[in-house]
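Asker: Before I ask anything, let me first share the structure, which is written out below as structure tokens.
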Amino acid sequence: MIQFTEKDGNLIFAVRVVPRASKSEIVGEHNGALKIRIASPPVEGAANAELIKLLAKKFAVSKSAVKILSGQTSKTKQLKITGGKTERFADLLKA
């Protein structure tokens with residue numbers, strides 16, 4: 001199960017990023033984190049930018065509402081989505 005916290009309209013959770021995938025997509029759960037494949041390489045922030053773009057689209061929020069709290073250069077990151085809904089996790093894992 002994906003571990004997350006919802007407080008004051010902010011959704012905070014961990015993601016596990018797999019860069020250089022064939023396409024960017026959410027693939028499931030990995031050790032309590034949302035596992036996401038990213039097509040971009042982890043060079044000059046390209047993978048982080050793609051991650052933010054993908055999550056903003058999936059959670060139906062603006063890109064500025066998605067923030068990487070920790071793990072800028074790590075495969076495991078802590079994210080905060082302002083205005084993100086917890087119900088979206090179930091929808092994302094079904095797709």
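All residue names refer to the structure tokens as shown: chains lettered A, B, ... in order, residues numbered from 1 in each chain, ligands numbered from 1 in order.
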Could you give me, as a list of chain:residue names, the residues within 7 Å of stretch 75-78 of chain A, counting only C-alpha atoms and dropping anything in the same chain fewer than 3 positions from it?
Answerer: A:Phe13, A:Ala14, A:Val15, A:Arg16, A:Val17, A:Val18, A:Ile68, A:Leu69, A:Ser70, A:Gly71, A:Gln72
Asker: List the spatial neighbours of A:Glu50 as a ChimeraX atom specification - criterion: any atom at most 7 Å away, only C-alpha atoms, same-chain residues fewer than 4 positions off excluded.
Answerer: /A:38,40,46,54
Asker: Quick one: of A:Lys67, A:Gly9, A:Ile36, A:Gln3, who's nearest to A:Ser22, counting only C-alpha atoms?
Answerer: A:Ile36
Asker: Please compute the atom CA of A:Val66-atom CA of A:Arg37 distance, one decimal, in Å.
Answerer: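 Atom-to-atom, atom CA of A:Val66 to atom CA of A:Arg37, that is 17.1 Å.
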Asker: List the spatial neighbours of A:Ile12 as an NGL selection string - criterion: any atom at most 8 Å away, only C-alpha atoms, same-chain residues fewer than 2 positions off excluded.
Answerer: :A and (4-6 or 10 or 14 or 78-81)
Asker: Would you save the residues from that selection as a short mmCIF file (atom, residue, chain, number, x, y, z; two decimals), in the first residue's frame, using N, CA and C atoms?
Answerer:
data_model
loop_
_atom_site.label_atom_id
_atom_site.label_comp_id
_atom_site.auth_asym_id
_atom_site.auth_seq_id
_atom_site.Cartn_x
_atom_site.Cartn_y
_atom_site.Cartn_z
N PHE A 4 0.89 7.70 2.34
CA PHE A 4 0.73 9.11 2.01
C PHE A 4 0.15 9.85 3.21
N THR A 5 0.29 11.17 3.19
CA THR A 5 -0.24 12.04 4.22
C THR A 5 -1.05 13.13 3.54
N GLU A 6 -2.22 13.42 4.07
CA GLU A 6 -3.03 14.52 3.54
C GLU A 6 -3.24 15.51 4.66
N ASN A 10 -2.85 19.47 1.10
CA ASN A 10 -1.63 18.98 0.47
C ASN A 10 -1.55 17.47 0.61
N ALA A 14 5.67 9.33 -1.33
CA ALA A 14 6.94 8.98 -1.94
C ALA A 14 6.72 8.38 -3.32
N GLN A 78 10.35 12.39 -2.31
CA GLN A 78 9.19 12.76 -1.51
C GLN A 78 8.53 13.93 -2.23
N LEU A 79 7.24 13.81 -2.54
CA LEU A 79 6.55 14.86 -3.29
C LEU A 79 5.38 15.43 -2.52
N LYS A 80 5.04 16.65 -2.87
CA LYS A 80 3.86 17.31 -2.30
C LYS A 80 3.03 17.83 -3.47
N ILE A 81 1.74 17.48 -3.44
CA ILE A 81 0.82 17.99 -4.46
C ILE A 81 -0.24 18.81 -3.75
#
Asker: Find the residues near A:Leu92: any atom within 12 Å, counting only C-alpha atoms, skip ones fewer than 4 places away on the same chain, and give them as a list of chain:residue names.
Answerer: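 Listing them by chain and then by number gives A:Ile2, A:Glu25, A:Ile26, A:Val27, A:Gly28, A:Glu29, A:Leu34, A:Lys35, A:Ile36, A:Leu54, A:Leu55, A:Lys57, A:Lys58, A:Phe59, A:Ala60, A:Lys85, A:Thr86, A:Glu87, A:Arg88.
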Asker: Give me, please, the distance in Å between atom CA of A:Gly32 and atom CA of A:Ile52, quoted to one decimal.
Answerer: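 Atom-to-atom, atom CA of A:Gly32 to atom CA of A:Ile52, that is 19.4 Å.
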Asker: In Å to one decimal, how far is atom CA of A:Pro19 from atom CA of A:Pro42?
Answerer: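 Taking atom CA of A:Pro42 as the start and atom CA of A:Pro19 as the end point, the length is 6.3 Å.
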Asker: Running DSSP on the backbone, which parts of chain A land in strand (DSSP E or B), as an NGL selection string?
Answerer: :A and (4-7 or 10-18 or 25-30 or 33-37 or 66-70 or 76-82)
Asker: Dump N, CA and C atoms for the selected residues as an mmCIF file, in the first residue's frame?
Answerer:
data_model
loop_
_atom_site.group_PDB
_atom_site.id
_atom_site.type_symbol
_atom_site.label_atom_id
_atom_site.label_comp_id
_atom_site.auth_asym_id
_atom_site.auth_seq_id
_atom_site.Cartn_x
_atom_site.Cartn_y
_atom_site.Cartn_z
ATOM 1 N N PHE A 4 0.889 7.701 2.338
ATOM 2 C CA PHE A 4 0.728 9.114 2.014
ATOM 3 C C PHE A 4 0.148 9.852 3.212
ATOM 4 N N THR A 5 0.294 11.168 3.194
ATOM 5 C CA THR A 5 -0.245 12.039 4.221
ATOM 6 C C THR A 5 -1.050 13.133 3.535
ATOM 7 N N GLU A 6 -2.224 13.418 4.071
ATOM 8 C CA GLU A 6 -3.029 14.517 3.540
ATOM 9 C C GLU A 6 -3.235 15.514 4.663
ATOM 10 N N LYS A 7 -2.792 16.761 4.444
ATOM 11 C CA LYS A 7 -2.900 17.787 5.471
ATOM 12 C C LYS A 7 -3.041 19.149 4.805
ATOM 13 N N ASN A 10 -2.854 19.468 1.105
ATOM 14 C CA ASN A 10 -1.626 18.980 0.474
ATOM 15 C C ASN A 10 -1.549 17.467 0.609
ATOM 16 N N LEU A 11 -1.148 16.822 -0.441
ATOM 17 C CA LEU A 11 -0.966 15.378 -0.458
ATOM 18 C C LEU A 11 0.536 15.123 -0.535
ATOM 19 N N ILE A 12 1.089 14.406 0.455
ATOM 20 C CA ILE A 12 2.530 14.144 0.503
ATOM 21 C C ILE A 12 2.740 12.636 0.434
ATOM 22 N N PHE A 13 3.599 12.213 -0.484
ATOM 23 C CA PHE A 13 3.851 10.791 -0.671
ATOM 24 C C PHE A 13 5.211 10.579 -1.329
ATOM 25 N N ALA A 14 5.672 9.332 -1.331
ATOM 26 C CA ALA A 14 6.945 8.975 -1.944
ATOM 27 C C ALA A 14 6.717 8.377 -3.321
ATOM 28 N N VAL A 15 7.674 8.607 -4.201
ATOM 29 C CA VAL A 15 7.654 7.978 -5.518
ATOM 30 C C VAL A 15 9.003 7.300 -5.756
ATOM 31 N N ARG A 16 8.965 6.249 -6.526
ATOM 32 C CA ARG A 16 10.180 5.556 -6.964
ATOM 33 C C ARG A 16 10.242 5.734 -8.472
ATOM 34 N N VAL A 17 11.274 6.433 -8.946
ATOM 35 C CA VAL A 17 11.387 6.787 -10.354
ATOM 36 C C VAL A 17 12.338 5.834 -11.065
ATOM 37 N N VAL A 18 11.915 5.386 -12.239
ATOM 38 C CA VAL A 18 12.758 4.574 -13.112
ATOM 39 C C VAL A 18 12.967 5.385 -14.394
ATOM 40 N N GLU A 25 4.969 6.575 -17.470
ATOM 41 C CA GLU A 25 3.718 6.008 -16.986
ATOM 42 C C GLU A 25 3.837 5.625 -15.516
ATOM 43 N N ILE A 26 2.684 5.561 -14.855
ATOM 44 C CA ILE A 26 2.609 5.085 -13.479
ATOM 45 C C ILE A 26 2.383 3.589 -13.553
ATOM 46 N N VAL A 27 3.238 2.823 -12.843
ATOM 47 C CA VAL A 27 3.171 1.370 -12.993
ATOM 48 C C VAL A 27 2.722 0.628 -11.744
ATOM 49 N N GLY A 28 2.593 1.293 -10.615
ATOM 50 C CA GLY A 28 2.123 0.597 -9.424
ATOM 51 C C GLY A 28 2.787 1.061 -8.156
ATOM 52 N N GLU A 29 3.087 0.086 -7.285
ATOM 53 C CA GLU A 29 3.617 0.382 -5.956
ATOM 54 C C GLU A 29 4.950 -0.332 -5.764
ATOM 55 N N HIS A 30 5.881 0.322 -5.064
ATOM 56 C CA HIS A 30 7.183 -0.276 -4.758
ATOM 57 C C HIS A 30 7.596 0.144 -3.354
ATOM 58 N N ALA A 33 5.886 3.196 -1.996
ATOM 59 C CA ALA A 33 5.983 4.383 -2.851
ATOM 60 C C ALA A 33 5.271 4.126 -4.178
ATOM 61 N N LEU A 34 4.842 5.186 -4.819
ATOM 62 C CA LEU A 34 4.236 5.108 -6.144
ATOM 63 C C LEU A 34 5.365 4.925 -7.155
ATOM 64 N N LYS A 35 5.344 3.844 -7.926
ATOM 65 C CA LYS A 35 6.406 3.571 -8.897
ATOM 66 C C LYS A 35 6.034 4.176 -10.238
ATOM 67 N N ILE A 36 6.969 4.976 -10.775
ATOM 68 C CA ILE A 36 6.718 5.701 -12.017
ATOM 69 C C ILE A 36 7.894 5.520 -12.962
ATOM 70 N N ARG A 37 7.603 5.138 -14.190
ATOM 71 C CA ARG A 37 8.626 5.078 -15.240
ATOM 72 C C ARG A 37 8.632 6.409 -15.967
ATOM 73 N N VAL A 66 2.859 20.805 -7.996
ATOM 74 C CA VAL A 66 3.647 19.600 -7.707
ATOM 75 C C VAL A 66 5.056 20.021 -7.323
ATOM 76 N N LYS A 67 5.491 19.657 -6.129
ATOM 77 C CA LYS A 67 6.819 20.024 -5.625
ATOM 78 C C LYS A 67 7.573 18.781 -5.182
ATOM 79 N N ILE A 68 8.860 18.729 -5.486
ATOM 80 C CA ILE A 68 9.721 17.666 -4.975
ATOM 81 C C ILE A 68 10.307 18.185 -3.668
ATOM 82 N N LEU A 69 9.909 17.557 -2.550
ATOM 83 C CA LEU A 69 10.365 17.990 -1.234
ATOM 84 C C LEU A 69 11.771 17.490 -0.936
ATOM 85 N N SER A 70 12.057 16.243 -1.310
ATOM 86 C CA SER A 70 13.390 15.692 -1.077
ATOM 87 C C SER A 70 13.682 14.636 -2.126
ATOM 88 N N THR A 76 14.334 7.644 -5.317
ATOM 89 C CA THR A 76 13.207 7.731 -4.391
ATOM 90 C C THR A 76 13.053 9.181 -3.971
ATOM 91 N N LYS A 77 11.875 9.733 -4.204
ATOM 92 C CA LYS A 77 11.615 11.146 -3.942
ATOM 93 C C LYS A 77 10.385 11.311 -3.058
ATOM 94 N N GLN A 78 10.351 12.387 -2.311
ATOM 95 C CA GLN A 78 9.191 12.764 -1.506
ATOM 96 C C GLN A 78 8.535 13.933 -2.233
ATOM 97 N N LEU A 79 7.243 13.813 -2.541
ATOM 98 C CA LEU A 79 6.547 14.856 -3.289
ATOM 99 C C LEU A 79 5.380 15.430 -2.517
ATOM 100 N N LYS A 80 5.041 16.654 -2.869
ATOM 101 C CA LYS A 80 3.859 17.306 -2.302
ATOM 102 C C LYS A 80 3.031 17.827 -3.466
ATOM 103 N N ILE A 81 1.740 17.481 -3.445
ATOM 104 C CA ILE A 81 0.816 17.987 -4.462
ATOM 105 C C ILE A 81 -0.240 18.813 -3.752
ATOM 106 N N THR A 82 -0.271 20.089 -4.053
ATOM 107 C CA THR A 82 -1.266 20.982 -3.480
ATOM 108 C C THR A 82 -2.560 20.809 -4.263
#
